[in-house]
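Engineer: This is target-v9.txt, which holds compact mmCIF, C-alpha atoms:
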```txt
# COMPACT_ATOMS: atom_id res chain seq x y z
CA MET B 517 69.27 104.99 84.23
CA THR B 518 70.45 104.11 80.77
CA ASP B 519 70.60 107.01 78.37
CA THR B 520 69.56 105.96 74.85
CA ARG B 521 69.42 107.58 71.42
CA THR B 522 67.97 106.69 68.05
CA ILE B 523 70.65 106.62 65.39
CA THR B 524 70.81 105.94 61.66
CA VAL B 525 74.01 104.40 60.38
CA THR B 526 74.65 103.27 56.80
CA VAL B 527 76.51 99.97 57.03
CA ASN B 528 77.77 98.38 53.82
CA GLY B 529 75.34 100.57 51.88
CA THR B 530 72.24 99.72 53.95
CA PRO B 531 70.83 102.34 56.36
CA HIS B 532 69.97 100.98 59.81
CA THR B 533 67.91 102.93 62.33
CA LYS B 534 68.08 101.67 65.92
CA GLU B 535 67.64 102.94 69.45
CA VAL B 536 70.89 102.27 71.29
CA PRO B 537 72.33 102.91 74.75
CA VAL B 538 74.72 105.87 74.38
CA ARG B 539 77.56 103.97 76.04
CA ILE B 540 77.58 101.09 73.54
CA THR B 541 80.67 101.00 71.31
CA LEU B 542 80.39 101.00 67.53
CA ALA B 543 81.94 97.51 67.57
CA ASP B 544 79.21 96.12 69.84
CA PHE B 545 76.55 97.89 67.78
CA ILE B 546 77.84 96.21 64.63
CA ARG B 547 78.09 92.79 66.23
CA TYR B 548 75.11 92.64 68.60
CA GLU B 549 72.56 95.02 67.06
CA LEU B 550 73.27 94.41 63.37
CA LYS B 551 74.48 90.81 63.87
CA LEU B 552 77.45 91.44 61.57
CA THR B 553 79.92 89.27 63.44
CA GLY B 554 82.69 89.52 60.84
CA THR B 555 84.10 92.45 62.82
CA HIS B 556 86.10 90.80 65.59
CA LEU B 557 86.81 92.07 69.09
CA GLY B 558 90.18 91.15 70.52
CA CYS B 559 91.47 93.58 73.12
CA GLU B 560 88.67 96.17 73.25
CA HIS B 561 91.12 98.94 74.04
CA GLY B 562 92.56 99.85 70.68
CA VAL B 563 95.68 97.70 70.56
CA CYS B 564 94.96 94.60 68.46
CA GLY B 565 93.27 96.13 65.39
CA ALA B 566 90.87 93.20 64.84
CA CYS B 567 87.80 95.48 65.08
CA THR B 568 89.02 97.89 62.37
CA ILE B 569 86.21 99.13 60.10
CA LEU B 570 86.07 101.91 57.52
CA PHE B 571 84.34 105.00 58.89
CA ASP B 572 83.45 107.30 55.99
CA GLY B 573 86.15 105.42 54.06
CA ARG B 574 88.87 105.82 56.72
CA SER B 575 90.12 102.93 58.82
CA ALA B 576 89.20 103.24 62.49
CA ARG B 577 89.03 101.01 65.52
CA SER B 578 85.35 100.38 66.16
CA CYS B 579 86.04 99.54 69.83
CA LEU B 580 87.25 103.13 70.32
CA MET B 581 84.10 104.78 68.99
CA LEU B 582 80.61 105.06 70.39
CA ALA B 583 77.75 103.90 68.20
CA VAL B 584 76.10 107.32 68.63
CA GLN B 585 79.13 108.92 66.96
CA ALA B 586 78.32 107.00 63.78
CA ASP B 587 74.85 108.58 63.48
CA GLY B 588 74.58 109.92 59.94
CA HIS B 589 77.86 108.33 58.84
CA LYS B 590 78.88 105.46 56.56
CA VAL B 591 80.54 102.31 57.87
CA THR B 592 82.11 99.49 55.85
CA THR B 593 82.76 96.19 57.60
CA VAL B 594 84.55 93.11 56.28
CA GLU B 595 81.16 91.85 55.05
CA GLY B 596 81.00 94.83 52.70
CA ILE B 597 84.31 94.27 50.90
CA ALA B 598 83.38 91.51 48.41
CA PRO B 599 81.54 92.69 45.27
CA SER B 600 78.90 89.93 45.57
CA PRO B 601 78.13 86.84 47.69
CA ASP B 602 79.77 84.68 45.00
CA ALA B 603 82.92 86.68 44.33
CA LEU B 604 85.88 87.84 46.38
CA HIS B 605 87.54 91.24 46.24
CA PRO B 606 91.06 91.08 44.68
CA LEU B 607 92.49 91.77 48.14
CA GLN B 608 90.61 88.79 49.56
CA GLU B 609 91.73 86.61 46.64
CA ALA B 610 95.32 87.63 47.30
CA PHE B 611 94.93 86.67 50.99
CA ARG B 612 93.59 83.24 50.01
CA ASP B 613 96.31 82.60 47.44
CA ASN B 614 99.21 83.77 49.64
CA HIS B 615 98.17 82.08 52.90
CA GLY B 616 97.42 85.49 54.37
CA LEU B 617 95.33 83.99 57.13
CA GLN B 618 95.30 80.97 59.37
CA CYS B 619 92.78 81.22 62.21
CA GLY B 620 91.19 84.28 60.63
CA PHE B 621 90.71 86.32 63.80
CA CYS B 622 92.80 89.30 62.69
CA THR B 623 91.68 89.09 59.05
CA PRO B 624 88.74 91.55 59.13
CA GLY B 625 91.04 94.22 60.56
CA MET B 626 93.82 93.38 58.13
CA LEU B 627 91.49 93.58 55.14
CA THR B 628 89.82 96.86 56.08
CA THR B 629 93.17 98.47 56.96
CA LEU B 630 94.82 97.31 53.74
CA LEU B 631 91.82 98.32 51.64
CA GLU B 632 92.27 101.92 52.79
CA PHE B 633 96.07 101.71 52.61
CA LEU B 634 96.17 100.40 49.03
CA GLY B 635 93.84 103.24 48.03
CA ASP B 636 96.33 105.75 49.51
CA ASN B 637 99.41 103.93 48.25
CA PRO B 638 98.73 101.73 45.19
CA ASP B 639 102.41 100.85 44.74
CA PRO B 640 103.78 100.08 48.21
CA THR B 641 107.10 98.62 49.28
CA GLU B 642 107.28 95.75 51.75
CA GLN B 643 108.31 98.25 54.45
CA ASP B 644 105.28 100.44 53.64
CA VAL B 645 103.00 97.41 54.09
CA ARG B 646 104.63 96.43 57.37
CA ILE B 647 104.14 99.95 58.74
CA ALA B 648 100.54 100.02 57.45
CA ILE B 649 99.63 96.86 59.39
CA SER B 650 101.73 97.74 62.44
CA GLY B 651 98.49 98.34 64.33
CA ASN B 652 97.07 94.90 63.54
CA LEU B 653 98.24 91.95 65.60
CA CYS B 654 98.36 88.45 64.09
CA ARG B 655 99.40 85.53 66.26
CA CYS B 656 99.37 82.82 63.55
CA THR B 657 101.15 83.81 60.39
CA GLY B 658 104.22 85.71 61.47
CA TYR B 659 102.91 88.31 59.01
CA GLN B 660 104.85 86.83 56.07
CA GLY B 661 101.78 85.65 54.16
CA ILE B 662 99.89 88.84 54.97
CA VAL B 663 102.67 91.06 53.63
CA LEU B 664 102.92 88.92 50.49
CA ALA B 665 99.15 89.06 50.06
CA ALA B 666 99.12 92.85 50.37
CA LEU B 667 101.89 93.24 47.78
CA ASP B 668 100.12 90.77 45.49
CA ALA B 669 96.81 92.59 45.97
CA ALA B 670 98.46 95.86 44.94
CA LYS B 671 99.48 94.22 41.66
CA ARG B 672 96.03 92.69 41.10
CA LEU B 673 94.28 96.00 41.79
CA LYS B 674 96.58 97.80 39.35
CA ALA B 675 96.03 95.13 36.71
CA ALA B 676 92.26 95.38 37.21
CA GLN B 677 92.39 99.13 36.57
CA VAL B 678 94.31 98.89 33.28
CA MET F 654 85.15 95.69 78.80
CA LYS F 655 82.26 98.09 78.34
CA PRO F 656 82.14 101.79 79.10
CA PRO F 657 80.31 102.60 82.35
CA PRO F 658 76.90 104.31 82.08
CA PHE F 659 77.04 108.04 81.36
CA GLN F 660 74.93 110.74 79.77
CA TYR F 661 76.00 111.77 76.29
CA HIS F 662 76.08 115.30 74.92
CA ASP F 663 77.03 116.33 71.41
CA PRO F 664 77.10 120.12 71.21
CA LYS F 665 77.29 121.79 67.80
CA THR F 666 79.04 125.00 68.85
CA LEU F 667 81.99 125.86 71.06
CA ALA F 668 79.80 128.12 73.22
CA GLU F 669 77.41 125.24 73.81
CA ALA F 670 80.32 122.92 74.71
CA VAL F 671 81.81 125.46 77.15
CA GLY F 672 78.35 125.93 78.67
CA LEU F 673 77.88 122.20 79.20
CA LEU F 674 81.37 121.81 80.65
CA GLY F 675 80.72 124.63 83.09
CA THR F 676 77.39 123.27 84.33
CA LEU F 677 77.73 119.48 84.34
CA ASP F 678 79.49 117.73 87.20
CA ASN F 679 82.09 115.04 86.53
CA ALA F 680 82.11 115.58 82.77
CA LYS F 681 84.75 114.37 80.30
CA LEU F 682 85.46 115.83 76.87
CA LEU F 683 85.62 113.28 74.07
CA ALA F 684 87.91 114.33 71.19
CA GLY F 685 89.35 111.60 68.92
CA GLY F 686 88.73 108.99 71.61
CA GLN F 687 92.03 107.16 71.16
CA SER F 688 92.93 107.61 74.84
CA LEU F 689 89.59 108.30 76.55
CA MET F 690 87.76 105.36 74.94
CA PRO F 691 90.26 102.73 76.19
CA MET F 692 90.09 104.38 79.62
CA LEU F 693 86.28 104.17 79.51
CA ASN F 694 86.34 100.57 78.27
CA MET F 695 88.68 99.61 81.10
CA ARG F 696 86.73 101.82 83.52
CA PHE F 697 89.78 103.78 84.57
CA VAL F 698 87.54 106.83 84.27
CA LEU F 699 83.91 106.95 85.41
CA PRO F 700 82.38 110.18 84.12
CA ASP F 701 78.71 111.04 84.68
CA HIS F 702 78.70 112.99 81.41
CA VAL F 703 80.60 112.65 78.16
CA ILE F 704 80.71 115.80 76.01
CA ASP F 705 81.59 114.79 72.45
CA LEU F 706 83.44 117.52 70.53
CA ASN F 707 83.23 115.73 67.17
CA ARG F 708 80.18 117.68 65.99
CA VAL F 709 81.39 121.10 67.15
CA GLU F 710 81.89 123.39 64.16
CA GLY F 711 85.16 125.16 63.53
CA LEU F 712 87.54 123.26 65.79
CA ALA F 713 89.44 121.48 63.00
CA GLY F 714 91.78 122.87 60.38
CA ILE F 715 95.35 123.91 59.67
CA ARG F 716 95.85 127.63 59.09
CA ASP F 717 99.07 129.13 57.77
CA LEU F 718 99.34 132.55 59.41
CA GLY F 719 102.82 133.30 58.09
CA ASP F 720 105.11 133.24 61.14
CA VAL F 721 102.73 130.93 62.96
CA ILE F 722 100.82 127.80 62.02
CA GLU F 723 97.55 127.42 63.88
CA ILE F 724 96.14 123.92 64.16
CA GLY F 725 92.60 123.48 65.45
CA ALA F 726 92.30 121.15 68.43
CA MET F 727 90.04 118.68 66.61
CA THR F 728 92.37 118.38 63.62
CA ARG F 729 92.97 114.67 63.02
CA GLN F 730 96.54 113.43 63.20
CA ARG F 731 96.07 112.06 59.70
CA ASP F 732 95.37 115.54 58.35
CA ILE F 733 98.58 116.80 59.96
CA GLU F 734 100.51 113.83 58.51
CA PHE F 735 99.36 114.62 54.96
CA SER F 736 99.39 118.44 55.20
CA GLU F 737 101.68 120.13 52.68
CA VAL F 738 101.83 123.25 54.88
CA ILE F 739 103.06 121.23 57.86
CA LYS F 740 105.55 119.33 55.72
CA ALA F 741 106.99 122.54 54.25
CA LYS F 742 106.95 124.81 57.29
CA CYS F 743 106.98 122.51 60.31
CA PRO F 744 108.96 119.44 59.20
CA LEU F 745 109.57 118.39 62.81
CA LEU F 746 105.85 117.83 63.34
CA HIS F 747 105.55 116.12 59.96
CA GLU F 748 108.27 113.66 60.97
CA ALA F 749 107.06 113.16 64.55
CA ILE F 750 103.45 112.45 63.62
CA GLN F 751 104.54 109.35 61.67
CA PHE F 752 105.59 107.84 65.01
CA THR F 753 102.19 108.56 66.58
CA GLY F 754 100.15 105.37 66.90
CA HIS F 755 99.00 103.65 63.72
CA ARG F 756 97.05 104.73 60.67
CA GLN F 757 93.75 103.69 62.28
CA THR F 758 94.42 105.75 65.40
CA ARG F 759 95.76 108.73 63.42
CA ASN F 760 92.54 108.74 61.38
CA ARG F 761 90.61 109.49 64.59
CA GLY F 762 93.14 110.89 67.05
CA THR F 763 93.39 114.68 67.35
CA ILE F 764 96.26 117.00 68.25
CA GLY F 765 94.13 118.70 70.91
CA GLY F 766 93.26 115.36 72.48
CA SER F 767 96.90 114.35 72.59
CA LEU F 768 97.97 117.69 74.12
CA CYS F 769 95.29 117.45 76.83
CA HIS F 770 95.91 113.78 77.59
CA LEU F 771 99.54 114.93 77.97
CA ASP F 772 101.23 111.56 77.94
CA PRO F 773 104.90 112.18 78.78
CA SER F 774 105.95 110.26 75.66
CA ALA F 775 103.43 111.67 73.19
CA GLU F 776 105.17 112.94 70.06
CA GLN F 777 102.87 115.95 69.56
CA VAL F 778 103.52 117.06 73.13
CA THR F 779 107.29 116.90 72.56
CA VAL F 780 106.98 118.91 69.34
CA ALA F 781 104.88 121.54 71.14
CA ALA F 782 107.66 121.93 73.71
CA ALA F 783 110.38 122.02 71.03
CA HIS F 784 108.63 124.78 69.08
CA ASP F 785 107.66 126.90 72.14
CA ALA F 786 104.07 126.57 71.01
CA THR F 787 101.11 128.40 72.48
CA ILE F 788 97.94 126.63 73.53
CA VAL F 789 94.64 128.45 72.98
CA VAL F 790 91.82 127.66 75.39
CA ALA F 791 88.21 128.83 75.54
CA GLY F 792 86.26 129.21 78.76
CA PRO F 793 83.24 131.05 80.12
CA ASN F 794 85.25 134.31 80.10
CA GLY F 795 86.44 133.97 76.54
CA GLU F 796 89.74 132.90 75.07
CA ARG F 797 93.23 132.89 76.56
CA GLU F 798 96.65 131.70 75.50
CA ILE F 799 99.03 129.55 77.52
CA ALA F 800 102.73 129.25 76.71
CA PHE F 801 103.50 125.55 76.33
CA ALA F 802 106.17 125.73 79.05
CA ASP F 803 103.35 126.54 81.50
CA PHE F 804 100.88 124.01 80.07
CA PRO F 805 101.85 120.79 81.90
CA ALA F 806 100.68 120.91 85.53
CA GLY F 807 101.69 117.34 86.33
CA TYR F 808 101.45 113.79 85.09
CA LEU F 809 98.67 113.58 82.44
CA THR F 810 97.37 116.94 83.69
CA PRO F 811 97.26 120.17 81.69
CA ALA F 812 97.15 123.52 83.51
CA ILE F 813 93.66 124.46 82.36
CA ASP F 814 90.54 125.02 84.42
CA LEU F 815 87.81 122.40 84.61
CA ASN F 816 85.51 124.61 82.51
CA GLU F 817 88.04 125.32 79.76
CA ILE F 818 88.44 123.63 76.37
CA VAL F 819 91.63 123.63 74.30
CA THR F 820 90.67 125.01 70.88
CA ALA F 821 93.99 125.30 69.02
CA ILE F 822 97.76 125.14 69.13
CA ARG F 823 99.82 127.95 67.62
CA ILE F 824 103.25 126.86 66.46
CA PRO F 825 105.83 129.60 65.74
CA VAL F 826 107.58 128.68 62.50
CA TRP F 827 111.36 128.52 62.28
CA PRO F 828 113.11 130.27 59.35
CA ALA F 829 112.90 128.59 55.94
CA GLY F 830 115.73 126.10 55.50
CA HIS F 831 116.03 125.28 59.21
CA LYS F 832 117.03 121.73 60.11
CA SER F 833 115.00 119.36 62.23
CA ALA F 834 114.84 115.74 63.27
CA PHE F 835 112.71 113.57 65.54
CA VAL F 836 114.00 110.25 66.86
CA GLU F 837 112.61 107.88 69.42
CA PHE F 838 113.20 104.54 71.05
CA ALA F 839 110.12 102.32 71.35
CA ARG F 840 109.74 98.58 71.66
CA ARG F 841 107.50 98.43 68.58
CA HIS F 842 106.58 100.87 65.84
CA GLY F 843 103.59 102.92 66.96
CA ASP F 844 104.12 102.36 70.66
CA PHE F 845 104.57 105.32 72.94
CA ALA F 846 108.27 106.11 73.02
CA VAL F 847 110.32 105.12 76.05
CA VAL F 848 112.34 108.25 75.30
CA SER F 849 112.21 110.56 72.28
CA ALA F 850 114.29 113.53 71.15
CA ALA F 851 113.44 116.47 68.91
CA ALA F 852 116.04 118.83 67.44
CA LEU F 853 115.59 122.15 65.64
CA LEU F 854 118.61 124.02 64.29
CA ALA F 855 119.10 127.26 62.41
CA ILE F 856 122.51 127.35 60.74
CA ASP F 857 124.04 130.44 59.15
CA ASN F 858 127.50 130.66 57.61
CA GLY F 859 128.40 127.25 58.98
CA LYS F 860 127.52 128.18 62.57
CA ILE F 861 124.50 127.18 64.64
CA THR F 862 122.63 130.41 65.33
CA ARG F 863 119.69 128.91 67.21
CA ALA F 864 119.04 125.48 68.70
CA SER F 865 116.14 123.69 70.34
CA VAL F 866 116.70 120.24 71.84
CA THR F 867 113.78 118.52 73.60
CA ILE F 868 113.61 115.18 75.34
CA GLY F 869 110.24 113.41 75.64
CA GLY F 870 109.35 110.48 77.86
CA VAL F 871 112.06 111.14 80.40
CA ALA F 872 109.95 113.11 82.89
CA VAL F 873 106.23 113.88 83.35
CA ALA F 874 106.51 116.58 80.67
CA PRO F 875 109.02 117.11 77.85
CA VAL F 876 112.33 118.57 79.03
CA ARG F 877 114.21 121.22 77.07
CA ALA F 878 117.92 120.35 77.13
CA SER F 879 118.94 123.97 77.67
CA GLU F 880 122.55 123.07 78.48
CA VAL F 881 122.88 121.34 75.13
CA GLU F 882 121.23 124.26 73.35
CA ALA F 883 123.66 126.72 75.00
CA ALA F 884 126.70 124.54 74.33
CA ILE F 885 126.12 124.19 70.60
CA THR F 886 124.81 127.67 69.75
CA GLY F 887 127.50 129.70 68.00
CA GLN F 888 129.47 126.57 67.13
CA ALA F 889 130.02 124.76 63.84
CA PRO F 890 127.94 121.56 63.84
CA SER F 891 129.95 118.35 64.19
CA SER F 892 129.48 114.90 65.68
CA GLU F 893 132.22 115.63 68.22
CA LEU F 894 130.45 118.82 69.34
CA PHE F 895 127.11 117.05 69.70
CA ARG F 896 128.63 114.05 71.47
CA ALA F 897 130.26 116.25 74.10
CA ALA F 898 127.27 118.57 74.53
CA CYS F 899 124.64 115.84 74.85
CA GLU F 900 126.47 114.23 77.76
CA SER F 901 124.74 116.86 79.95
CA CYS F 902 121.41 115.04 79.35
CA ARG F 903 122.60 112.38 81.81
CA ALA F 904 121.81 114.85 84.59
CA ILE F 905 118.13 115.18 83.63
CA GLU F 906 115.91 114.02 86.47
CA ALA F 907 114.32 110.93 84.94
CA MET F 908 111.35 108.83 85.96
CA ALA F 909 111.37 105.04 86.29
CA ASP F 910 108.55 102.68 85.42
CA ILE F 911 107.90 99.16 84.17
CA HIS F 912 109.44 100.02 80.77
CA ALA F 913 112.76 101.49 81.85
CA SER F 914 114.80 102.57 84.86
CA ALA F 915 115.73 106.21 85.42
CA GLU F 916 119.37 105.48 84.56
CA TYR F 917 118.37 103.86 81.26
CA ARG F 918 116.16 106.82 80.38
CA GLN F 919 119.08 109.17 81.07
CA HIS F 920 121.27 107.03 78.83
CA LEU F 921 118.65 107.20 76.07
CA ALA F 922 118.39 110.98 76.52
CA VAL F 923 122.15 111.29 75.89
CA VAL F 924 122.13 109.01 72.86
CA LEU F 925 118.88 110.17 71.26
CA SER F 926 119.57 113.90 71.64
CA ARG F 927 122.89 113.36 69.84
CA ARG F 928 121.24 111.27 67.12
CA ALA F 929 118.52 113.89 66.62
CA LEU F 930 121.13 116.62 66.17
CA GLU F 931 123.20 114.47 63.82
CA ARG F 932 120.19 113.53 61.76
CA ALA F 933 119.03 117.14 61.58
CA CYS F 934 122.44 117.99 60.09
CA GLY F 935 122.33 115.05 57.70
CA PHE F 936 125.18 113.17 59.38
CA ALA F 937 124.85 109.41 59.04
CA THR F 938 123.60 107.76 62.20
CA PRO F 939 123.40 104.06 62.81
CA GLY F 940 120.37 102.42 64.32
CA ALA F 941 116.76 101.83 63.29
CA LEU F 942 114.42 104.78 63.45
CA HIS F 943 111.22 102.83 64.00
```
Would you write out, as structure tokens, the structure that this file holds?
Structural biologist:
Amino acid sequence: MTDTRTITVTVNGTPHTKEVPVRITLADFIRYELKLTGTHLGCEHGVCGACTILFDGRSARSCLMLAVQADGHKVTTVEGIAPSPDALHPLQEAFRDNHGLQCGFCTPGMLTTLLEFLGDNPDPTEQDVRIAISGNLCRCTGYQGIVLAALDAAKRLKAAQV
Amino acid sequence: MKPPPFQYHDPKTLAEAVGLLGTLDNAKLLAGGQSLMPMLNMRFVLPDHVIDLNRVEGLAGIRDLGDVIEIGAMTRQRDIEFSEVIKAKCPLLHEAIQFTGHRQTRNRGTIGGSLCHLDPSAEQVTVAAAHDATIVVAGPNGEREIAFADFPAGYLTPAIDLNEIVTAIRIPVWPAGHKSAFVEFARRHGDFAVVSAAALLAIDNGKITRASVTIGGVAVAPVRASEVEAAITGQAPSSELFRAACESCRAIEAMADIHASAEYRQHLAVVLSRRALERACGFATPGALH
């Protein structure tokens, strides 16, 4: 017998009401029910960080949450970062300009994690950035471009606020 | 990698949660989910019922009670990390929590979940032992307190009944101006420590008047290095004193696993206990902290 529940989750500003099996993870709900496949699943046990989303504004691993736990809450995925379909967020621009991605698998987790981090710490050191993304594995870049992109994004975000 | 089928319960009150736990067979409590969810995904655990504590009122919060800080079991590790009360009155926990997982896991992970999962290397567990904390549990017959020394029953197993829920940890505060340090050796930042060491020192007139030295990750539960504590109490702190005293940690009965042999863990216990004491006193110590 599969236990199900009807939940309402606001994802990237849009409320979605669905009946879901209670055992389904938030990650699978986002990918298979909402068809938002920008959130990637690497390890599915909380190690790789690719599935990181913002849960009520805080970064969290969506593979380590049940979809039913998101009932009544707000989720931001990588699809919700850019201000419009034609424009990139300054963080995304910084990733593009600094070669912050190669295959792109880890990128959704990097972006969501750094979006929260740069809100907490608008003026980070390189060491701060490295600790912030210590829970996000990248097998392409050696992290150099990602760290540069994060530091560059901090500058762009500050400049945009002035 | 999907959780096995189970029935899901999300009680709103502690009484409701205790009631469910007492009546449902093969039930698991879900706190922050940073240990249970991987175990469900990998099907290491196969519960018939999952009781989610995330909607229970009143289980989260940090309360400054003067001589004691009480932290609700569902308090997120992030809230401990950024708490001014913890930073000012329990600097050991403030320092140790930075080693716990990553920002994404600290945003969800709870102190109560970590204490109940009772990983031998968990930083919060080591701090609980160092501070002689008290664990508060609620069951069908009300509330009771358990001294942390009596809390571990075995590997990953707290000494609570199947129908009891940990609701808070009470941490006795050391005097203002006390010294503390937390050090650990891990392969990568955010990993569980292979071995960790926590030091608390009260120093008066140049002499150590009270000492707590705790080694995590060396055995199934944190070990208080009582020989070290006895050897340095009453003495003036110095690197020579600490070096000689910490040698006794080589006799700690250590476990061996894929990460390290027992002998290597004993070696780390000697080195890290000394480094923790030196760092607490502000002596320069070589070696990376992360």
Engineer: Can you measure CA of Ala666 in chain B to CA of Thr592 in chain B for me? One decimal in Å is fine.
Structural biologist: 19.1 Å
Engineer: Using Å and a single decimal, report how far CA of Ile715 in chain F sits from CA of Val866 in chain F.
Structural biologist: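 Going from CA of Val866 in chain F over to CA of Ile715 in chain F covers 24.8 Å.
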Engineer: Pick the closest to chain B from F:Arg863, F:Arg823, F:Arg761, F:His912: which is it, counting all atoms listed in the file?
Structural biologist: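 Among the listed residues, the smallest separation from chain B belongs to F:Arg761.
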Engineer: Once you count only C-alpha atoms, what closest atom pair and distance in Å to one decimal does each residue of chain F within 8 Å of chain B have, with rows by chain and rising residue number, as a Markdown table?
Structural biologist:
```
| residue | atom | partner | partner_atom | distance |
| --- | --- | --- | --- | --- |
| F:Met654 | CA | B:Glu560 | CA | 6.6 |
| F:Lys655 | CA | B:Ile540 | CA | 7.3 |
| F:Pro656 | CA | B:Arg539 | CA | 5.9 |
| F:Pro657 | CA | B:Arg539 | CA | 7.0 |
| F:Pro658 | CA | B:Arg539 | CA | 6.1 |
| F:Phe659 | CA | B:Arg539 | CA | 6.7 |
| F:Gln660 | CA | B:Asp519 | CA | 5.9 |
| F:Tyr661 | CA | B:Val538 | CA | 6.3 |
| F:Gly686 | CA | B:Leu580 | CA | 6.2 |
| F:Gln687 | CA | B:Leu580 | CA | 6.3 |
| F:Met690 | CA | B:Leu580 | CA | 5.2 |
| F:Pro691 | CA | B:His561 | CA | 4.4 |
| F:Met692 | CA | B:His561 | CA | 7.9 |
| F:Asn694 | CA | B:His561 | CA | 6.6 |
| F:Met695 | CA | B:His561 | CA | 7.5 |
| F:Asn707 | CA | B:Gln585 | CA | 8.0 |
| F:Gly754 | CA | B:Gly651 | CA | 7.7 |
| F:His755 | CA | B:Gly651 | CA | 5.4 |
| F:Arg756 | CA | B:Ala648 | CA | 6.7 |
| F:Gln757 | CA | B:Ala576 | CA | 4.6 |
| F:Thr758 | CA | B:Ala576 | CA | 6.5 |
| F:Asn760 | CA | B:Ala576 | CA | 6.5 |
| F:Arg761 | CA | B:Ala576 | CA | 6.7 |
| F:His842 | CA | B:Ser650 | CA | 6.7 |
| F:Gly843 | CA | B:Ser650 | CA | 7.1 |
```
Engineer: Got a sec: who's within 10 Å of Ala883 in chain F, counting all atoms listed in the file, leaving out chain neighbours fewer than 5 positions off, as a list of chain:residue names?
Structural biologist: F:Arg863, F:Ala864, F:Ser865, F:Ala878, F:Gln888, F:Ala898
Engineer: Using Å and a single decimal, report how far CA of Val738 in chain F sits from CA of Ile856 in chain F.
Structural biologist: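 Separation between CA of Ile856 in chain F and CA of Val738 in chain F: 21.9 Å.
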Engineer: Within 7 Å of Pro773 in chain F, counting all atoms listed in the file, which residues show up once you throw out same-chain ones fewer than 5 positions away? Write them as a list of chain:residue names, please.
Structural biologist: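 Within the cut-off, the hits are F:Gly869, F:Gly870, F:Ala872, F:Val873, F:Ala874, F:Pro875.
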Engineer: Could you check the closest approach to Gln608 in chain B for each of B:Ala675, B:Leu550, B:Leu630, B:Leu542 and tell me which residue wins, using only C-alpha atoms?
Structural biologist: B:Leu630
Engineer: Might you pull out every residue within 12 Å of Gly719 in chain F, with all atoms listed in the file counted and same-chain residues fewer than 5 positions away left off, and present them as a PyMOL selection string?
Structural biologist: chain F and resi 738+742-743+823-829
Engineer: For Ala781 in chain F, which residue out of F:Ile750, F:Ala812, F:Ile861, F:Ile822 is the nearest one, using all atoms listed in the file?
Structural biologist: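 Closest to Ala781 in chain F of all the choices is F:Ile822.
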Engineer: Out of B:Cys654, B:Leu552, B:Ile662, B:Leu617, which residue has the shortest atom-to-atom distance to Val591 in chain B when counting all atoms listed in the file?
Structural biologist: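 For Val591 in chain B, the nearest of the candidates is B:Leu552.
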